[in-house]
Each structure stands twice: as C-alpha cells, then as structure tokens.
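Enquirer: So here's start.csv, just CSV, C-alpha atoms:
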```csv
chain,number,residue,atom,x,y,z
E,1,MET,CA,-23.7,-0.4,-3.3
E,2,HIS,CA,-22.8,1.8,-0.3
E,3,LEU,CA,-19.3,1.3,0.9
E,4,PRO,CA,-18.4,2.0,4.5
E,5,THR,CA,-15.7,4.6,4.9
E,6,LEU,CA,-12.5,2.9,6.1
E,7,ARG,CA,-9.0,4.3,6.7
E,8,LEU,CA,-6.5,3.6,4.0
E,9,ALA,CA,-2.8,4.3,4.6
E,10,LEU,CA,-0.9,4.9,1.3
E,11,LEU,CA,2.7,4.0,1.9
E,12,TYR,CA,5.3,5.5,-0.4
E,13,GLY,CA,8.2,3.1,-0.8
E,14,SER,CA,11.0,5.4,-1.8
E,15,ASP,CA,12.7,8.5,-0.4
E,16,ARG,CA,15.1,9.0,-3.3
E,17,PRO,CA,15.5,12.5,-4.8
E,18,LEU,CA,13.8,12.7,-8.2
E,19,ARG,CA,11.9,9.5,-7.4
E,20,PHE,CA,9.2,8.2,-9.7
E,21,CYS,CA,7.2,7.1,-6.7
E,22,ASP,CA,5.3,10.4,-6.6
E,23,THR,CA,3.8,9.7,-10.0
E,24,VAL,CA,2.8,6.1,-9.3
E,25,ALA,CA,1.5,6.9,-5.8
E,26,GLY,CA,-0.4,9.9,-7.2
E,27,ARG,CA,-2.1,7.7,-9.7
E,28,ALA,CA,-2.9,5.1,-6.9
E,29,HIS,CA,-4.2,7.9,-4.7
E,30,GLY,CA,-6.5,9.2,-7.4
E,31,ARG,CA,-7.9,5.7,-8.2
E,32,ALA,CA,-8.5,5.1,-4.4
E,33,ILE,CA,-10.5,8.4,-4.2
E,34,ALA,CA,-12.5,7.4,-7.3
E,35,HIS,CA,-13.2,4.0,-5.9
E,36,GLY,CA,-14.7,5.6,-2.8
E,37,GLY,CA,-15.2,4.3,0.7
E,38,TRP,CA,-11.8,5.4,1.9
E,39,SER,CA,-10.4,8.2,4.0
E,40,ILE,CA,-6.7,8.3,2.8
E,41,GLU,CA,-3.6,9.2,4.7
E,42,ARG,CA,-0.2,9.2,3.1
E,43,LEU,CA,2.9,7.7,4.8
E,44,ASP,CA,5.9,9.0,3.0
E,45,PRO,CA,9.5,8.3,4.2
E,46,ALA,CA,10.7,11.5,2.4
E,47,THR,CA,8.7,13.6,4.9
E,48,PRO,CA,9.4,14.2,8.6
E,49,ALA,CA,6.1,12.5,9.5
E,50,GLY,CA,7.2,9.4,7.6
E,51,ARG,CA,10.3,9.1,9.6
E,52,ASP,CA,8.8,9.8,13.0
E,53,THR,CA,8.1,6.6,14.9
E,54,ALA,CA,5.3,8.1,17.1
E,55,THR,CA,3.5,9.3,14.0
E,56,LEU,CA,3.9,6.0,12.2
E,57,LEU,CA,2.6,4.1,15.2
E,58,ARG,CA,-0.5,6.2,15.4
E,59,ARG,CA,-1.2,6.2,11.7
E,60,VAL,CA,-0.7,2.4,11.3
E,61,ARG,CA,-2.8,1.7,14.4
E,62,GLU,CA,-5.6,3.9,13.0
E,63,ALA,CA,-5.5,2.4,9.5
E,64,ASP,CA,-7.9,-0.3,8.3
E,65,ALA,CA,-5.9,-1.2,5.2
E,66,PHE,CA,-2.6,-0.4,3.5
E,67,LEU,CA,-1.7,0.3,-0.1
E,68,VAL,CA,2.0,0.0,-0.6
E,69,VAL,CA,3.6,1.7,-3.6
E,70,THR,CA,7.0,0.4,-4.1
E,71,PRO,CA,9.8,0.4,-6.6
E,72,GLU,CA,12.2,-2.4,-7.0
E,73,TYR,CA,15.8,-1.4,-6.3
E,74,ASN,CA,18.5,-4.1,-6.9
E,75,HIS,CA,15.9,-6.9,-6.9
E,76,GLY,CA,14.4,-5.9,-3.6
E,77,TYR,CA,12.3,-3.2,-1.9
E,78,PRO,CA,13.9,0.0,-0.7
E,79,ALA,CA,15.5,0.5,2.7
E,80,ALA,CA,13.2,3.5,3.4
E,81,LEU,CA,10.2,1.3,3.2
E,82,LYS,CA,11.8,-1.4,5.4
E,83,ALA,CA,12.5,1.3,8.0
E,84,MET,CA,8.9,2.4,8.0
E,85,ILE,CA,7.6,-1.2,8.3
E,86,ASP,CA,10.1,-2.1,11.1
E,87,ALA,CA,9.3,1.0,13.2
E,88,VAL,CA,5.9,-0.6,13.9
E,89,TYR,CA,5.0,-4.1,15.0
E,90,THR,CA,1.6,-5.2,16.4
E,91,GLN,CA,-0.3,-2.3,14.7
E,92,TRP,CA,0.0,-4.1,11.3
E,93,GLN,CA,-1.9,-7.1,12.6
E,94,ALA,CA,-5.1,-8.4,11.1
E,95,LYS,CA,-5.2,-5.7,8.4
E,96,PRO,CA,-5.0,-6.2,4.6
E,97,VAL,CA,-2.1,-5.0,2.4
E,98,ALA,CA,-2.2,-4.5,-1.4
E,99,PHE,CA,0.7,-3.6,-3.6
E,100,VAL,CA,1.4,-1.3,-6.5
E,101,SER,CA,4.9,-1.9,-7.8
E,102,TYR,CA,7.0,-0.5,-10.5
E,103,GLY,CA,10.5,-0.9,-12.0
E,104,GLY,CA,12.3,-2.1,-15.0
E,105,LEU,CA,11.5,-5.4,-16.7
E,106,SER,CA,10.1,-7.1,-13.6
E,107,GLY,CA,7.8,-4.2,-12.7
E,108,GLY,CA,8.7,-4.5,-9.1
E,109,LEU,CA,7.3,-8.0,-8.6
E,110,ARG,CA,10.4,-9.3,-6.8
E,111,ALA,CA,10.1,-6.5,-4.3
E,112,VAL,CA,6.4,-7.4,-3.8
E,113,GLU,CA,7.2,-11.1,-3.2
E,114,GLN,CA,9.6,-10.1,-0.5
E,115,LEU,CA,7.1,-7.7,1.0
E,116,ARG,CA,4.4,-10.4,1.1
E,117,GLN,CA,6.7,-12.4,3.4
E,118,VAL,CA,7.4,-9.5,5.6
E,119,PHE,CA,3.8,-8.5,6.1
E,120,ALA,CA,2.7,-12.1,6.6
E,121,SER,CA,5.3,-12.3,9.4
E,122,LEU,CA,3.7,-9.3,11.0
E,123,HIS,CA,0.3,-11.0,10.9
E,124,ALA,CA,-1.0,-8.6,8.3
E,125,VAL,CA,-2.9,-10.0,5.3
E,126,PRO,CA,-1.1,-9.5,2.0
E,127,LEU,CA,-3.5,-9.7,-0.9
E,128,ARG,CA,-2.8,-11.5,-4.2
E,129,ASP,CA,-4.3,-8.7,-6.4
E,130,GLY,CA,-2.2,-5.7,-7.2
E,131,VAL,CA,-0.8,-3.6,-9.9
E,132,SER,CA,2.7,-3.8,-11.5
E,133,PHE,CA,4.3,-1.4,-14.0
E,134,ALA,CA,7.2,-2.8,-16.0
E,135,HIS,CA,9.3,0.0,-17.5
E,136,ALA,CA,7.0,2.4,-15.5
E,137,ARG,CA,8.4,5.7,-16.9
E,138,ASP,CA,7.2,4.6,-20.4
E,139,GLN,CA,3.6,3.9,-19.2
E,140,PHE,CA,2.7,7.3,-17.7
E,141,ASP,CA,2.1,10.5,-19.6
E,142,GLY,CA,3.6,13.9,-18.5
E,143,ASP,CA,0.6,14.4,-16.2
E,144,GLY,CA,0.9,11.1,-14.4
E,145,GLY,CA,-2.0,9.5,-16.3
E,146,LEU,CA,-2.5,6.3,-18.2
E,147,THR,CA,-4.5,5.7,-21.3
E,148,ALA,CA,-8.2,4.8,-20.8
E,149,GLY,CA,-7.8,1.2,-21.8
E,150,HIS,CA,-4.6,0.6,-20.0
E,151,PRO,CA,-4.8,-2.8,-18.2
E,152,ALA,CA,-3.5,-1.3,-15.0
E,153,ASN,CA,-6.8,0.6,-14.7
E,154,GLU,CA,-8.8,-2.7,-14.3
E,155,ALA,CA,-6.1,-4.2,-12.1
E,156,MET,CA,-6.3,-1.2,-9.8
E,157,ARG,CA,-10.1,-1.3,-9.7
E,158,LEU,CA,-10.0,-5.0,-8.7
E,159,ALA,CA,-7.2,-4.6,-6.2
E,160,LEU,CA,-9.0,-1.7,-4.5
E,161,ALA,CA,-12.3,-3.5,-4.4
E,162,ARG,CA,-10.8,-6.6,-2.8
E,163,LEU,CA,-8.7,-4.5,-0.4
E,164,HIS,CA,-11.9,-2.7,0.7
E,165,TRP,CA,-13.7,-6.0,1.2
E,166,TRP,CA,-10.9,-7.4,3.3
E,167,ALA,CA,-10.6,-4.1,5.2
E,168,ALA,CA,-14.3,-4.1,6.1
E,169,ALA,CA,-14.3,-7.8,7.1
E,170,LEU,CA,-11.2,-7.5,9.2
E,171,HIS,CA,-12.3,-4.2,10.8
E,172,GLN,CA,-15.5,-6.0,11.9
E,173,ALA,CA,-13.5,-9.0,13.1
E,174,ARG,CA,-11.2,-6.8,15.2
E,175,LEU,CA,-14.2,-5.2,16.8
E,176,VAL,CA,-15.8,-8.5,17.7
E,177,SER,CA,-12.6,-10.2,18.7
E,178,PRO,CA,-9.4,-8.1,19.0
E,179,TYR,CA,-6.5,-9.9,17.4
E,180,GLU,CA,-4.0,-9.1,20.1
E,181,ARG,CA,-6.2,-11.0,22.6
E,182,ILE,CA,-5.6,-14.3,20.8
E,183,ALA,CA,-2.2,-14.8,22.3
E,184,ALA,CA,-3.2,-13.6,25.8
```
Output the structure of this file as structure tokens.
Expert:
Amino acid sequence: MHLPTLRLALLYGSDRPLRFCDTVAGRAHGRAIAHGGWSIERLDPATPAGRDTATLLRRVREADAFLVVTPEYNHGYPAALKAMIDAVYTQWQAKPVAFVSYGGLSGGLRAVEQLRQVFASLHAVPLRDGVSFAHARDQFDGDGGLTAGHPANEAMRLALARLHWWAAALHQARLVSPYERIAA
C-alpha cells in the first residue's frame, strides 16, 4: 500500500537536563521513519526553536499530525510541554495527536489523560492508541532499543498506522472544508 507523505511533528515533552525523553523520542522517531509516509520535524522545548513562538506557530500550522512523547512528572505532564502547547491555538485544530508516554509505575498514562483533555479543548483529535513505558529506564538497552518481541513495538506500529490514517483523512477534510470556516 502506498502511503501519502504527510508532515508529522514529533513533540518532546521534557526540557530537563539528563532527560530520558531523548531515548524514548529517538525510538519513536525511528519507528515513524520505518513506518513510512511521514516527513518528520522535531519540536523540542530544550532547543531555541522549541521555545520560539513564531517557529512553533509555523511548524504546528504546517503539520498534519502530532506524536507527543511525554514523561509524567508528579502525576502530570511537564510545564515545558504545556508552554509549547499554549503558545499556539488554532493551528492545532482538526489534526490528530498520538502519545508515547513514559514514567514510573503508571508509564505516564496520567499525563496522557490530561493531555487528551487539553488537545480536545484545542479541537485537535487525540487518538486512543498509543505507547506507554512503565519503569522506562529498565525497558531500553544502552543504544535506545527494545527487544524484538517487546509489546511496545506492536503498539507503536498500530499507533502510527492509525495516526497516519487520521492525518490523511483530516488533511483531505481541511482541504475540502477548512475547519476555521465552521465558526465564521
């Protein structure tokens, strides 16, 4: 099956020094490349571009879909991710969002549940399918890989397939009937 090339924005959820986000996001990036059908742009709050409102506005506007990689800090998602999300408004609309979370026992799922509400409020389309890593540091090898039979591999394949489906459908829908014209 030929997949149309769509623009995927990979959002890094943490800007902490020595963050584990680089490992998890690196794995997600590699799986998105292997899935195919994406041109991928990283949005990282630890970089100047990730903190620049004009850059964020442009990259979010140009994206067809979002893959958010987030840790869970104190039962929630990080302030750096909140700042990136809140720097943009209408550019999130009518675009799908999938999540890769990590953390301790909960694997970041509490952060994801909060993010689903935030993105729904922005008229984005948060997807059900995602990937969660409980005790994440114990699940990755020194090179950032997972074992061949790791359940996260299939979860990521499914999440990316559904994210691509929604991205293609909503891309076409935005072309036929721009979302921002509904309220006009």
Enquirer: Nearest to Asp44 of chain E among E:Ala83, E:Asn74, E:Gly145, E:Ala63, with distances taken over only C-alpha atoms: which residue is it?
Expert: E:Ala83
Enquirer: Hey, what's within 9 Å of Asp129 of chain E if we count all atoms listed in the file and toss same-chain stuff fewer than 2 positions away? As a list in words, please?
Expert: Ala98, Phe99, Leu127, Val131, Ala155, Met156, Leu158, Ala159, Leu160, Arg162 and Leu163 of chain E
Enquirer: Hey, which of E:Arg181, E:His171, E:His29, E:Arg51 ends up closest to Ala94 of chain E? Count all atoms listed in the file.
Expert: E:His171
Enquirer: Of the candidates E:Asp64, E:Arg27, E:Ala152, E:Tyr77, which one gets nearest to Leu175 of chain E if we count all atoms listed in the file?
Expert: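 For Leu175 of chain E, the nearest of the candidates is E:Asp64.
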Enquirer: Taking all atoms listed in the file into account, name the residue in E:Val69, E:Leu3, E:Leu11, E:Met84 that is nearest to Gly37 of chain E.
Expert: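 Closest to Gly37 of chain E of all the choices is E:Leu3.
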Enquirer: Counting only C-alpha atoms, figure out which residue out of E:Gln91, E:Thr70, E:Gly103, E:Gln139 gets nearest to Leu122 of chain E.
Expert: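 Smallest separation from Leu122 of chain E among the options: E:Gln91.
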Enquirer: For segment 54-60 of chain E, find every residue with an atom within 7 Å (counting all atoms listed in the file), except residues of its own chain fewer than 5 positions away, and show them as number ranges by chain.
Expert: E: 49, 88, 91-92
Enquirer: Write out as a short mmCIF file (atom, residue, chain, number, x, y, z; two decimals) with C-alpha atoms, in the coordinates of the input the residues lying within 8 Å of Ala168 of chain E, counting all atoms listed in the file and excluding same-chain residues fewer than 3 positions away.
Expert:
```
data_model
loop_
_atom_site.label_atom_id
_atom_site.label_comp_id
_atom_site.auth_asym_id
_atom_site.auth_seq_id
_atom_site.Cartn_x
_atom_site.Cartn_y
_atom_site.Cartn_z
CA PRO E 4 -18.40 2.00 4.50
CA LEU E 6 -12.50 2.90 6.10
CA ASP E 64 -7.90 -0.30 8.30
CA HIS E 164 -11.90 -2.70 0.70
CA TRP E 165 -13.70 -6.00 1.20
CA HIS E 171 -12.30 -4.20 10.80
CA GLN E 172 -15.50 -6.00 11.90
#
```
Enquirer: Set the distance at 8 Å and use all atoms listed in the file: which residues neighbour Thr5 of chain E once local chain neighbours fewer than 5 positions away are removed? I'd like the list as a list in words.
Expert: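 My reading of the contact set: Gly36, Gly37, Trp38 and Ser39 of chain E.
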Enquirer: Using all atoms listed in the file, which of E:Leu109, E:Ala32, E:Ala173, E:Ala124 sits nearest Ile85 of chain E?
Expert: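 Residue with the minimum atom-to-atom distance to Ile85 of chain E: E:Ala124.
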Enquirer: As AutoDock Vina command-line options, what would the box around segment 76-80 of chain E look like: edges along x, y and z, 4 Å added on every side, centre and edge lengths in Å to one decimal?
Expert:
```
--center_x 13.9 --center_y -1.2 --center_z -0.1 --size_x 11.2 --size_y 17.4 --size_z 15.0
```
Enquirer: Work out how far atom CA of Lys95 of chain E is from atom CA of Ala79 of chain E, in Å to one decimal.
Expert: 22.3 Å
Enquirer: Give me the residues near Phe66 of chain E as a PDB file with C-alpha atoms, keeping the file's coordinate frame, where near means some atom within 7 Å (using all atoms listed in the file) and where sequence neighbours in that chain fewer than 3 positions away do not count.
Expert:
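New file out-v1.pdb:
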```pdb
ATOM      1  CA  LEU E   8      -6.500   3.600   4.000  1.00  0.00           C
ATOM      2  CA  ALA E   9      -2.800   4.300   4.600  1.00  0.00           C
ATOM      3  CA  LEU E  10      -0.900   4.900   1.300  1.00  0.00           C
ATOM      4  CA  PRO E  96      -5.000  -6.200   4.600  1.00  0.00           C
ATOM      5  CA  VAL E  97      -2.100  -5.000   2.400  1.00  0.00           C
ATOM      6  CA  ALA E  98      -2.200  -4.500  -1.400  1.00  0.00           C
TER       7      ALA E  98
END
```
Enquirer: So what do you get for atom CA of Ala136 of chain E versus atom CA of Gly104 of chain E, distance-wise?
Expert: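 According to the coordinates, atom CA of Ala136 of chain E and atom CA of Gly104 of chain E are separated by 7.0 Å.
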Enquirer: Quick one: pull the distance between atom CA of Tyr89 of chain E and atom CA of Ile40 of chain E, Å, one decimal.
Expert: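 Distance reported for this atom pair: 21.0 Å.
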